[in-house]
file final_31.csv (CSV, C-alpha atoms)
chain,number,residue,atom,x,y,z
A,1,MET,CA,-4.5,-26.2,-7.1
A,2,ASP,CA,-3.2,-27.0,-3.7
A,3,PHE,CA,-0.3,-24.6,-2.8
A,4,LYS,CA,2.5,-25.7,-0.5
A,5,GLU,CA,3.4,-23.5,2.4
A,6,SER,CA,7.1,-23.3,1.8
A,7,ARG,CA,7.6,-22.2,-1.8
A,8,PRO,CA,6.4,-18.8,-3.2
A,9,ILE,CA,3.1,-19.1,-5.1
A,10,TYR,CA,4.4,-17.6,-8.3
A,11,LEU,CA,7.2,-20.2,-8.5
A,12,GLN,CA,4.7,-23.0,-7.8
A,13,ILE,CA,2.6,-21.7,-10.7
A,14,ALA,CA,5.7,-21.5,-12.9
A,15,ASP,CA,6.4,-25.2,-11.9
A,16,LYS,CA,2.9,-26.1,-12.9
A,17,ILE,CA,3.3,-24.5,-16.4
A,18,CYS,CA,6.7,-26.2,-16.8
A,19,GLY,CA,5.0,-29.5,-16.0
A,20,GLU,CA,2.4,-28.8,-18.6
A,21,ILE,CA,5.1,-28.0,-21.2
A,22,LEU,CA,6.9,-31.3,-20.3
A,23,THR,CA,3.7,-33.4,-20.7
A,24,GLY,CA,3.0,-31.7,-24.0
A,25,LYS,CA,-0.2,-29.9,-22.9
A,26,PHE,CA,1.5,-26.8,-24.2
A,27,ALA,CA,3.6,-27.5,-27.3
A,28,GLU,CA,6.6,-25.4,-28.4
A,29,ASN,CA,5.6,-22.3,-30.4
A,30,GLU,CA,2.0,-22.7,-29.1
A,31,ARG,CA,0.2,-20.0,-27.3
A,32,ILE,CA,-0.4,-20.5,-23.6
A,33,PRO,CA,-3.5,-19.0,-21.8
A,34,SER,CA,-3.5,-15.3,-21.0
A,35,VAL,CA,-2.5,-14.1,-17.6
A,36,ARG,CA,-6.1,-13.5,-16.6
A,37,GLU,CA,-7.4,-16.8,-17.9
A,38,TYR,CA,-4.7,-18.7,-16.1
A,39,ALA,CA,-5.2,-16.7,-12.9
A,40,SER,CA,-9.0,-17.3,-12.9
A,41,GLY,CA,-8.5,-21.0,-13.4
A,42,LEU,CA,-6.2,-21.2,-10.4
A,43,GLU,CA,-8.3,-18.7,-8.4
A,44,VAL,CA,-5.3,-16.4,-7.8
A,45,ASN,CA,-4.6,-12.8,-8.3
A,46,ALA,CA,-3.5,-12.0,-11.9
A,47,ASN,CA,-0.4,-10.1,-10.6
A,48,THR,CA,0.9,-13.4,-9.2
A,49,VAL,CA,0.6,-15.1,-12.6
A,50,VAL,CA,2.3,-12.0,-14.2
A,51,ARG,CA,5.2,-12.8,-11.9
A,52,SER,CA,5.2,-16.4,-13.0
A,53,TYR,CA,5.2,-15.5,-16.7
A,54,ASP,CA,7.9,-12.9,-16.1
A,55,PHE,CA,10.0,-15.5,-14.4
A,56,LEU,CA,9.5,-18.0,-17.2
A,57,GLN,CA,10.2,-15.3,-19.8
A,58,ASN,CA,13.5,-14.5,-18.1
A,59,LYS,CA,14.4,-18.2,-18.3
A,60,ASP,CA,13.6,-18.2,-22.0
A,61,ILE,CA,10.9,-20.8,-21.5
A,62,ILE,CA,8.1,-18.6,-22.8
A,63,PHE,CA,8.1,-15.5,-24.9
A,64,ASN,CA,5.8,-12.6,-25.4
A,65,LYS,CA,4.4,-11.5,-28.8
A,66,ARG,CA,3.2,-8.0,-28.2
A,67,GLY,CA,-0.6,-7.8,-28.3
A,68,ILE,CA,-1.1,-11.5,-29.0
A,69,GLY,CA,0.1,-13.3,-25.9
A,70,TYR,CA,2.6,-15.7,-24.5
A,71,PHE,CA,4.1,-18.6,-26.4
A,72,VAL,CA,6.2,-21.6,-25.5
A,73,ALA,CA,9.8,-21.0,-26.7
A,74,GLU,CA,11.6,-23.4,-28.9
A,75,GLY,CA,13.6,-25.9,-26.9
A,76,ALA,CA,11.6,-25.0,-23.7
A,77,ALA,CA,11.2,-28.6,-22.7
A,78,GLU,CA,14.9,-29.3,-22.8
A,79,LYS,CA,15.6,-26.1,-20.9
A,80,ILE,CA,13.1,-27.1,-18.2
A,81,LEU,CA,14.7,-30.5,-17.8
A,82,GLN,CA,18.1,-28.8,-17.5
A,83,MET,CA,16.8,-26.5,-14.8
A,84,ARG,CA,15.2,-29.4,-12.9
A,85,ARG,CA,18.4,-31.4,-13.1
A,86,GLU,CA,20.3,-28.4,-11.6
A,87,MET,CA,17.7,-28.0,-8.9
A,88,PHE,CA,17.8,-31.7,-8.1
A,89,MET,CA,21.6,-31.7,-7.9
A,90,ASN,CA,21.8,-28.5,-5.8
A,91,GLU,CA,18.9,-29.1,-3.5
A,92,GLN,CA,17.4,-32.6,-3.2
A,93,LEU,CA,20.6,-34.4,-3.6
A,94,LYS,CA,22.3,-32.3,-0.9
A,95,ASP,CA,19.5,-33.0,1.5
A,96,PHE,CA,19.7,-36.7,0.5
A,97,PHE,CA,23.4,-36.8,1.2
A,98,ASN,CA,22.9,-35.0,4.6
A,99,GLU,CA,20.2,-37.5,5.5
A,100,ILE,CA,22.3,-40.6,4.7
A,101,ASP,CA,25.2,-39.2,6.7
A,102,ILE,CA,22.9,-38.7,9.7
A,103,LEU,CA,21.5,-42.2,9.3
A,104,LYS,CA,24.9,-43.7,8.7
A,105,ILE,CA,24.0,-45.3,5.4
A,106,SER,CA,26.9,-45.8,3.1
A,107,ILE,CA,26.7,-44.7,-0.5
A,108,ASN,CA,27.6,-48.3,-1.6
A,109,GLU,CA,24.4,-49.5,0.0
A,110,ILE,CA,22.5,-47.0,-2.0
A,111,VAL,CA,24.3,-47.9,-5.2
A,112,GLU,CA,23.5,-51.5,-4.6
A,113,LEU,CA,19.8,-50.8,-4.1
A,114,TYR,CA,19.8,-48.6,-7.2
A,115,ASN,CA,21.3,-51.4,-9.3
A,116,GLN,CA,18.9,-54.0,-8.0
A,117,ARG,CA,16.0,-51.8,-8.8
A,118,ASN,CA,17.2,-51.4,-12.4
A,119,LYS,CA,17.6,-55.1,-12.8
A,120,SER,CA,14.1,-56.1,-11.7
B,1,MET,CA,-8.9,5.8,-7.0
B,2,ILE,CA,-10.2,6.5,-3.6
B,3,VAL,CA,-8.4,8.8,-1.2
B,4,ILE,CA,-9.2,9.0,2.5
B,5,ASN,CA,-7.6,12.0,4.3
B,6,ASP,CA,-7.4,12.5,8.0
B,7,LEU,CA,-10.8,10.9,8.7
B,8,LYS,CA,-12.5,11.2,12.1
B,9,PHE,CA,-15.7,9.3,12.8
B,10,ASN,CA,-17.8,8.7,15.9
B,11,TYR,CA,-20.9,6.7,16.7
B,12,ALA,CA,-22.4,8.9,19.4
B,13,LYS,CA,-19.6,8.9,22.1
B,14,HIS,CA,-17.8,5.9,20.6
B,15,GLU,CA,-14.8,7.0,18.6
B,16,VAL,CA,-14.3,4.6,15.6
B,17,PHE,CA,-11.6,6.5,13.5
B,18,ASP,CA,-9.2,9.3,14.4
B,19,ASN,CA,-6.8,10.6,11.9
B,20,LEU,CA,-7.2,7.7,9.4
B,21,SER,CA,-5.6,8.2,6.0
B,22,LEU,CA,-5.6,5.6,3.2
B,23,THR,CA,-5.4,5.4,-0.6
B,24,PHE,CA,-6.8,2.7,-2.8
B,25,ASN,CA,-5.5,2.4,-6.4
B,26,GLU,CA,-6.7,0.9,-9.6
B,27,GLY,CA,-5.8,-2.5,-10.7
B,28,LYS,CA,-5.6,-4.0,-7.2
B,29,ILE,CA,-7.7,-6.2,-5.0
B,30,TYR,CA,-7.4,-5.0,-1.4
B,31,GLY,CA,-8.0,-7.2,1.6
B,32,LEU,CA,-9.3,-5.0,4.4
B,33,LEU,CA,-8.6,-6.7,7.8
B,34,GLY,CA,-9.4,-5.8,11.4
B,35,LEU,CA,-10.7,-7.3,14.6
B,36,ASN,CA,-14.5,-7.4,15.2
B,37,GLY,CA,-15.6,-3.9,15.9
B,38,ALA,CA,-12.5,-2.3,14.4
B,39,GLY,CA,-14.7,-0.4,12.0
B,40,LYS,CA,-14.2,-2.3,8.7
B,41,SER,CA,-17.9,-2.1,7.7
B,42,THR,CA,-18.1,1.5,8.9
B,43,LEU,CA,-15.1,2.4,6.7
B,44,LEU,CA,-16.8,0.8,3.7
B,45,TYR,CA,-20.0,2.7,4.3
B,46,LEU,CA,-18.1,5.9,4.7
B,47,MET,CA,-16.4,5.3,1.4
B,48,SER,CA,-19.7,4.6,-0.3
B,49,GLY,CA,-21.2,7.9,1.0
B,50,LEU,CA,-23.7,6.0,3.3
B,51,LEU,CA,-22.2,7.5,6.5
B,52,PHE,CA,-20.6,10.9,6.9
B,53,ALA,CA,-17.4,11.6,8.6
B,54,ASP,CA,-17.1,14.1,11.5
B,55,LYS,CA,-13.8,15.4,10.1
B,56,GLY,CA,-11.7,14.7,7.1
B,57,LYS,CA,-12.6,13.9,3.5
B,58,ILE,CA,-13.1,10.9,1.2
B,59,GLU,CA,-12.6,11.4,-2.5
B,60,PHE,CA,-13.5,8.9,-5.2
B,61,ASN,CA,-12.0,9.8,-8.6
B,62,GLY,CA,-12.1,13.4,-7.5
B,63,TYR,CA,-15.7,13.4,-6.2
B,64,ASP,CA,-16.4,14.1,-2.5
B,65,VAL,CA,-18.4,10.9,-1.7
B,66,THR,CA,-20.7,12.7,0.8
B,67,LYS,CA,-22.1,14.7,-2.1
B,68,ARG,CA,-23.4,11.5,-3.7
B,69,ASN,CA,-22.9,12.8,-7.2
B,70,PRO,CA,-24.8,10.5,-9.6
B,71,LYS,CA,-21.6,10.1,-11.7
B,72,ALA,CA,-19.7,8.8,-8.7
B,73,LEU,CA,-22.6,6.5,-7.6
B,74,ALA,CA,-22.8,5.1,-11.1
B,75,ASP,CA,-19.2,4.0,-10.9
B,76,MET,CA,-19.1,2.4,-7.5
B,77,PHE,CA,-20.8,-0.6,-6.0
B,78,LEU,CA,-21.2,-1.9,-2.4
B,79,VAL,CA,-22.1,-5.5,-1.6
B,80,PRO,CA,-22.9,-5.3,2.2
B,81,GLU,CA,-22.6,-8.2,4.5
B,82,GLU,CA,-26.3,-8.5,4.9
B,83,PHE,CA,-29.1,-7.2,2.7
B,84,GLU,CA,-32.6,-7.9,1.4
B,85,LEU,CA,-33.5,-8.3,-2.2
B,86,PRO,CA,-36.9,-7.3,-3.6
B,87,ARG,CA,-39.7,-9.6,-4.7
B,88,LEU,CA,-38.7,-9.8,-8.3
B,89,THR,CA,-37.1,-12.3,-10.6
B,90,PHE,CA,-33.4,-11.8,-11.2
B,91,GLU,CA,-34.1,-10.9,-14.9
B,92,LYS,CA,-36.6,-8.1,-13.8
B,93,TYR,CA,-34.1,-6.9,-11.2
B,94,VAL,CA,-31.4,-6.5,-13.8
B,95,GLU,CA,-33.8,-4.8,-16.3
B,96,LEU,CA,-34.7,-2.2,-13.6
B,97,ASN,CA,-31.3,-1.7,-12.1
B,98,ALA,CA,-28.7,-2.1,-14.8
B,99,PRO,CA,-29.5,1.3,-16.4
B,100,PHE,CA,-28.1,3.0,-13.3
B,101,TYR,CA,-24.7,1.6,-14.2
B,102,PRO,CA,-23.6,2.8,-17.7
B,103,ASN,CA,-20.8,0.2,-17.9
B,104,PHE,CA,-23.1,-2.7,-17.0
B,105,ARG,CA,-22.1,-5.7,-19.2
B,106,TYR,CA,-24.6,-8.5,-19.9
B,107,GLU,CA,-21.8,-10.8,-21.0
B,108,THR,CA,-20.1,-10.5,-17.6
B,109,PHE,CA,-23.5,-11.1,-16.0
B,110,GLU,CA,-24.0,-14.3,-17.9
B,111,LYS,CA,-20.4,-15.4,-17.2
B,112,CYS,CA,-20.9,-14.8,-13.5
B,113,LEU,CA,-24.2,-16.6,-13.4
B,114,GLN,CA,-22.6,-19.5,-15.1
B,115,GLY,CA,-19.7,-19.4,-12.8
B,116,PHE,CA,-22.0,-19.7,-9.8
B,117,ASN,CA,-24.3,-22.2,-11.5
B,118,MET,CA,-27.3,-19.9,-11.3
B,119,SER,CA,-30.0,-18.9,-13.7
B,120,ALA,CA,-31.7,-15.5,-14.2
B,121,ASP,CA,-35.3,-16.7,-13.8
B,122,ILE,CA,-35.0,-17.2,-10.0
B,123,ARG,CA,-37.1,-15.2,-7.6
B,124,LEU,CA,-34.7,-13.1,-5.5
B,125,ASP,CA,-36.8,-13.1,-2.3
B,126,LYS,CA,-37.0,-16.9,-2.3
B,127,LEU,CA,-33.2,-17.4,-2.0
B,128,SER,CA,-31.1,-18.7,0.9
B,129,MET,CA,-28.5,-16.3,2.3
B,130,GLY,CA,-25.7,-17.8,0.3
B,131,GLN,CA,-27.7,-17.9,-3.0
B,132,LYS,CA,-28.8,-14.3,-2.4
B,133,LYS,CA,-25.2,-13.3,-1.9
B,134,LYS,CA,-24.0,-15.0,-5.1
B,135,ALA,CA,-26.9,-13.4,-7.1
B,136,PHE,CA,-26.1,-9.9,-5.8
B,137,MET,CA,-22.3,-10.4,-6.5
B,138,CYS,CA,-23.2,-11.4,-10.1
B,139,PHE,CA,-25.0,-8.1,-10.5
B,140,ALA,CA,-22.2,-6.2,-8.7
B,141,LEU,CA,-19.4,-7.6,-10.9
B,142,ALA,CA,-21.4,-7.1,-14.1
B,143,ALA,CA,-22.1,-3.5,-13.1
B,144,ASN,CA,-18.5,-3.1,-14.0
B,145,THR,CA,-17.9,-0.1,-11.8
B,146,SER,CA,-14.4,1.1,-11.3
B,147,LEU,CA,-14.8,0.7,-7.5
B,148,LEU,CA,-16.3,-2.5,-6.1
B,149,ILE,CA,-16.6,-3.0,-2.3
B,150,MET,CA,-17.5,-6.3,-0.8
B,151,ASP,CA,-18.1,-6.7,2.9
B,152,GLU,CA,-17.5,-10.3,4.0
B,153,PRO,CA,-18.3,-11.7,0.6
B,154,THR,CA,-17.6,-15.4,1.4
B,155,ASN,CA,-19.7,-15.5,4.5
B,156,GLY,CA,-22.6,-18.0,3.9
B,157,LEU,CA,-21.1,-19.4,0.7
B,158,ASP,CA,-20.8,-23.2,0.5
B,159,ILE,CA,-17.4,-24.8,-0.2
B,160,PRO,CA,-17.6,-25.0,-4.0
B,161,SER,CA,-19.1,-21.5,-4.1
B,162,LYS,CA,-16.0,-20.0,-2.4
B,163,SER,CA,-13.9,-21.5,-5.2
B,164,GLN,CA,-16.3,-20.1,-7.8
B,165,PHE,CA,-16.2,-16.8,-6.1
B,166,ARG,CA,-12.4,-16.6,-6.5
B,167,GLN,CA,-12.6,-17.6,-10.2
B,168,VAL,CA,-15.3,-15.1,-10.9
B,169,VAL,CA,-13.6,-12.2,-9.1
B,170,SER,CA,-10.2,-13.0,-10.7
B,171,SER,CA,-11.7,-13.1,-14.2
B,172,CYS,CA,-13.7,-9.9,-13.7
B,173,MET,CA,-10.7,-8.0,-12.5
B,174,ASN,CA,-8.9,-5.5,-14.8
B,175,ASP,CA,-6.3,-2.7,-14.6
B,176,GLU,CA,-9.0,0.0,-14.3
B,177,ARG,CA,-10.8,-1.5,-11.3
B,178,THR,CA,-10.4,-1.3,-7.6
B,179,ILE,CA,-11.8,-4.1,-5.6
B,180,ILE,CA,-11.9,-3.9,-1.8
B,181,ILE,CA,-12.8,-7.0,0.2
B,182,SER,CA,-13.2,-6.9,3.9
B,183,THR,CA,-13.0,-10.3,5.6
B,184,HIS,CA,-12.2,-12.5,8.5
B,185,GLN,CA,-12.0,-15.6,6.3
B,186,VAL,CA,-8.5,-14.9,5.1
B,187,ALA,CA,-8.0,-18.4,3.8
B,188,ASP,CA,-10.9,-17.7,1.3
B,189,VAL,CA,-9.0,-14.8,-0.3
B,190,GLN,CA,-5.4,-15.7,0.5
B,191,ASN,CA,-4.2,-15.8,-3.1
B,192,LEU,CA,-6.8,-13.5,-4.6
B,193,ILE,CA,-5.8,-10.3,-2.9
B,194,ASP,CA,-2.7,-8.4,-3.8
B,195,HIS,CA,-2.7,-5.7,-1.1
B,196,ILE,CA,-3.3,-5.9,2.6
B,197,THR,CA,-4.7,-3.1,4.7
B,198,ILE,CA,-5.2,-3.6,8.4
B,199,ILE,CA,-7.2,-1.2,10.6
B,200,ASN,CA,-6.8,-1.3,14.3
B,201,ASP,CA,-7.2,1.2,17.2
B,202,LYS,CA,-8.9,3.9,15.0
B,203,LYS,CA,-6.1,3.9,12.4
B,204,ALA,CA,-4.7,2.1,9.4
B,205,VAL,CA,-1.8,0.2,11.1
B,206,PHE,CA,-0.6,-1.7,8.0
B,207,ASP,CA,-0.9,-1.0,4.3
B,208,TYR,CA,1.4,-2.8,1.9
B,209,SER,CA,1.2,-4.8,-1.3
B,210,VAL,CA,1.7,-8.6,-1.2
B,211,ILE,CA,4.8,-8.2,-3.4
B,212,ASP,CA,6.3,-5.7,-0.9
B,213,ILE,CA,5.4,-8.0,2.0
B,214,THR,CA,7.0,-11.1,0.5
B,215,GLU,CA,10.0,-9.0,-0.5
B,216,LYS,CA,10.6,-7.8,3.1
B,217,LEU,CA,9.2,-10.6,5.3
B,218,CYS,CA,9.6,-14.3,5.7
B,219,PHE,CA,6.9,-16.6,7.1
B,220,THR,CA,8.4,-19.8,8.4
B,221,THR,CA,7.9,-22.9,10.6
B,222,GLU,CA,11.7,-23.1,11.2
B,223,LYS,CA,13.3,-22.0,14.4
B,224,ILE,CA,15.0,-18.7,13.7
B,225,GLU,CA,17.0,-16.1,15.6
B,226,ASN,CA,15.5,-12.7,16.3
B,227,PRO,CA,12.0,-13.3,14.9
B,228,LEU,CA,9.8,-10.2,14.6
B,229,PHE,CA,6.9,-12.3,15.9
B,230,THR,CA,6.3,-15.9,16.9
B,231,GLN,CA,3.2,-17.9,17.7
B,232,GLU,CA,2.8,-21.4,18.9
B,233,VAL,CA,0.8,-23.7,16.7
B,234,PHE,CA,-0.1,-27.4,16.9
B,235,GLY,CA,3.2,-29.3,16.5
B,236,GLY,CA,5.6,-26.3,16.4
B,237,GLN,CA,5.7,-22.6,15.9
B,238,LEU,CA,5.3,-20.0,13.2
B,239,SER,CA,7.5,-17.0,12.9
B,240,VAL,CA,7.7,-13.8,11.0
B,241,CYS,CA,11.2,-12.5,10.3
B,242,LYS,CA,13.0,-10.0,8.1
B,243,ARG,CA,14.1,-11.5,4.8
B,244,GLN,CA,17.8,-12.1,4.7
B,245,ASN,CA,18.7,-13.0,1.1
B,246,GLU,CA,17.5,-13.5,-2.4
B,247,ASN,CA,16.5,-17.1,-2.1
B,248,ASP,CA,14.4,-17.2,1.0
B,249,GLU,CA,11.1,-15.9,-0.3
B,250,THR,CA,8.1,-17.6,1.3
B,251,PRO,CA,4.4,-17.4,0.6
B,252,LEU,CA,2.5,-14.8,2.6
B,253,ASN,CA,0.8,-16.2,5.7
B,254,ILE,CA,-2.0,-13.6,6.2
B,255,GLU,CA,-3.1,-14.9,9.6
B,256,LEU,CA,0.4,-14.8,11.0
B,257,LEU,CA,1.0,-11.3,9.5
B,258,PHE,CA,-2.3,-10.1,11.0
B,259,ASN,CA,-1.3,-11.4,14.5
B,260,ALA,CA,2.2,-9.9,14.1
B,261,VAL,CA,0.8,-6.5,13.2
B,262,LEU,CA,-1.7,-6.5,16.0
B,263,ALA,CA,1.0,-7.5,18.5
B,264,ASP,CA,3.4,-4.7,17.5
B,265,SER,CA,2.6,-2.7,14.3
B,266,LYS,CA,5.6,-0.4,14.8
B,267,LYS,CA,8.1,-3.2,14.7
B,268,ILE,CA,6.6,-4.7,11.5
B,269,ASN,CA,6.3,-1.3,9.8
B,270,GLU,CA,9.9,-0.5,10.6
B,271,VAL,CA,11.0,-3.3,8.3
B,272,PHE,CA,9.3,-1.5,5.4
B,273,ASN,CA,10.6,1.9,6.2
B,274,ASN,CA,14.3,1.3,5.5
call {"tool": "encode", "arguments": {"input": "final_31.csv", "output": "structure tokens"}}
result
Amino acid sequence: MDFKESRPIYLQIADKICGEILTGKFAENERIPSVREYASGLEVNANTVVRSYDFLQNKDIIFNKRGIGYFVAEGAAEKILQMRREMFMNEQLKDFFNEIDILKISINEIVELYNQRNKS
Amino acid sequence: MIVINDLKFNYAKHEVFDNLSLTFNEGKIYGLLGLNGAGKSTLLYLMSGLLFADKGKIEFNGYDVTKRNPKALADMFLVPEEFELPRLTFEKYVELNAPFYPNFRYETFEKCLQGFNMSADIRLDKLSMGQKKKAFMCFALAANTSLLIMDEPTNGLDIPSKSQFRQVVSSCMNDERTIIISTHQVADVQNLIDHITIINDKKAVFDYSVIDITEKLCFTTEKIENPLFTQEVFGGQLSVCKRQNENDETPLNIELLFNAVLADSKKINEVFNN
């Protein structure tokens, strides 16, 4: 896995797991790999993956069955989509608006392009 | 656990350590960093009981390492930077040496061999430096000692082997083990280690876990006010600064941290002390 320089590694790993839930690699109520298996596969320290799993557990995306392992929570995929939507609205869209302001592109132009794209 | 207390060590008239104290705990992979000649290898040899301090004490799980108690030696392993292996097949070597390590696990040995794409019927004296290193690390990891020390383990490894090295170490790690890796190749171990210890000018000048570091410090390419340290890089600059709020966590940049600590260790340590 290639890690980006700007986002904490544990969050990048959490993103990867979320992606794997969305694509169906890990189904709801299914067990995900143990911390150590996952860490070894990514060649990272297990404590980093512990942080990723803790983070996902706090977001109710995975849950822990004591002594058995971590499982994908019910409704996890929908929750992830919701989280991503929020992130998109709060971060990428803000940057996008800033950028079109700087470049003096009107929102109507963007809307037109968007509609054209959906027609073709 | 290994505890170094008020260590002093000289090579003839050259003073290497003075008043050095450090503790290494279980369940962690330590990255030991320092300039050439800072004494990294010397420190590792002192911890293994291969060199004796002029003053101070090193205890490993309660044993004075200079006494070389067999119980202590059976529970620690050192992979030096350079070494020779005997004229034996790997199988024979394991047969002769595994009994010295009561926790030796053949399963782990097989797993490591597989991880490095090696087989046990090779002749150890016929191997290239990189192959020799991988073979010895397989044995070291399988010895399953609570202390494993590796001096520049990725030197001489080819590109895929470095990746295999990280996988193998990560999968052999557990909460009872302490792994200490000394290295200059920080990129090789960047995400593998969870604690950074820097020695410089005869002392330990920095000793914090990666979690503490990323909680207190930011590593950024953005221009910021009052950086703790800045260095010019191709196409811009890199800075270390104090973390300001909840949402600005950045990944650790070990190289940048190392340069910052060497430039002014006091300034960096102050951030951790309050």
call {"tool": "closest_atom_pairs", "arguments": {"input": "final_31.csv", "of": "chain A", "to": "chain B", "cutoff": "12 Å", "atoms": "only C-alpha atoms", "output": "JSON lines"}}
result
{"residue": "A:Met1", "atom": "CA", "partner": "B:Ser163", "partner_atom": "CA", "distance": 10.7}
{"residue": "A:Asp2", "atom": "CA", "partner": "B:Asn191", "partner_atom": "CA", "distance": 11.3}
{"residue": "A:Phe3", "atom": "CA", "partner": "B:Pro251", "partner_atom": "CA", "distance": 9.2}
{"residue": "A:Lys4", "atom": "CA", "partner": "B:Pro251", "partner_atom": "CA", "distance": 8.6}
{"residue": "A:Glu5", "atom": "CA", "partner": "B:Pro251", "partner_atom": "CA", "distance": 6.4}
{"residue": "A:Ser6", "atom": "CA", "partner": "B:Thr250", "partner_atom": "CA", "distance": 5.8}
{"residue": "A:Arg7", "atom": "CA", "partner": "B:Thr250", "partner_atom": "CA", "distance": 5.6}
{"residue": "A:Pro8", "atom": "CA", "partner": "B:Pro251", "partner_atom": "CA", "distance": 4.5}
{"residue": "A:Ile9", "atom": "CA", "partner": "B:Pro251", "partner_atom": "CA", "distance": 6.1}
{"residue": "A:Tyr10", "atom": "CA", "partner": "B:Pro251", "partner_atom": "CA", "distance": 8.9}
{"residue": "A:Leu11", "atom": "CA", "partner": "B:Pro251", "partner_atom": "CA", "distance": 9.9}
{"residue": "A:Gln12", "atom": "CA", "partner": "B:Pro251", "partner_atom": "CA", "distance": 10.1}
{"residue": "A:Ile13", "atom": "CA", "partner": "B:Asn191", "partner_atom": "CA", "distance": 11.8}
{"residue": "A:Ser34", "atom": "CA", "partner": "B:Ser171", "partner_atom": "CA", "distance": 10.9}
{"residue": "A:Val35", "atom": "CA", "partner": "B:Ser171", "partner_atom": "CA", "distance": 9.9}
{"residue": "A:Arg36", "atom": "CA", "partner": "B:Ser171", "partner_atom": "CA", "distance": 6.1}
{"residue": "A:Glu37", "atom": "CA", "partner": "B:Ser171", "partner_atom": "CA", "distance": 6.8}
{"residue": "A:Tyr38", "atom": "CA", "partner": "B:Ser171", "partner_atom": "CA", "distance": 9.2}
{"residue": "A:Ala39", "atom": "CA", "partner": "B:Ser170", "partner_atom": "CA", "distance": 6.6}
{"residue": "A:Ser40", "atom": "CA", "partner": "B:Gln167", "partner_atom": "CA", "distance": 4.5}
{"residue": "A:Gly41", "atom": "CA", "partner": "B:Gln167", "partner_atom": "CA", "distance": 6.2}
{"residue": "A:Leu42", "atom": "CA", "partner": "B:Gln167", "partner_atom": "CA", "distance": 7.3}
{"residue": "A:Glu43", "atom": "CA", "partner": "B:Gln167", "partner_atom": "CA", "distance": 4.8}
{"residue": "A:Val44", "atom": "CA", "partner": "B:Leu192", "partner_atom": "CA", "distance": 4.6}
{"residue": "A:Asn45", "atom": "CA", "partner": "B:Leu192", "partner_atom": "CA", "distance": 4.4}
{"residue": "A:Ala46", "atom": "CA", "partner": "B:Ser170", "partner_atom": "CA", "distance": 6.9}
{"residue": "A:Asn47", "atom": "CA", "partner": "B:Asp194", "partner_atom": "CA", "distance": 7.4}
{"residue": "A:Thr48", "atom": "CA", "partner": "B:Asp194", "partner_atom": "CA", "distance": 8.2}
{"residue": "A:Val49", "atom": "CA", "partner": "B:Asn191", "partner_atom": "CA", "distance": 10.7}
{"residue": "A:Val50", "atom": "CA", "partner": "B:Ile211", "partner_atom": "CA", "distance": 11.7}
{"residue": "A:Arg51", "atom": "CA", "partner": "B:Ile211", "partner_atom": "CA", "distance": 9.7}
call {"tool": "atom_distance", "arguments": {"input": "final_31.csv", "atom1": "atom CA of A:Phe97", "atom2": "atom CA of A:Tyr114"}}
result
14.9 Å
call {"tool": "residues_near_point", "arguments": {"input": "final_31.csv", "point": "(-28.5, -22.3, -11.3)", "cutoff": "12 Å", "atoms": "all atoms listed in the file", "output": "VMD selection string"}}
result
chain B and resid 90 110 112 to 123 127 131 to 132 134 to 135 161
call {"tool": "atom_distance", "arguments": {"input": "final_31.csv", "atom1": "atom CA of B:Leu228", "atom2": "atom CA of B:Ile213"}}
result
13.5 Å
call {"tool": "closest_residue", "arguments": {"input": "final_31.csv", "among": "B:Phe24, B:Phe234, B:Phe77, B:Phe206", "to": "B:Leu262", "atoms": "all atoms listed in the file"}}
result
B:Phe206
call {"tool": "atom_distance", "arguments": {"input": "final_31.csv", "atom1": "atom CA of B:Val79", "atom2": "atom CA of B:Asn259"}}
result
27.0 Å
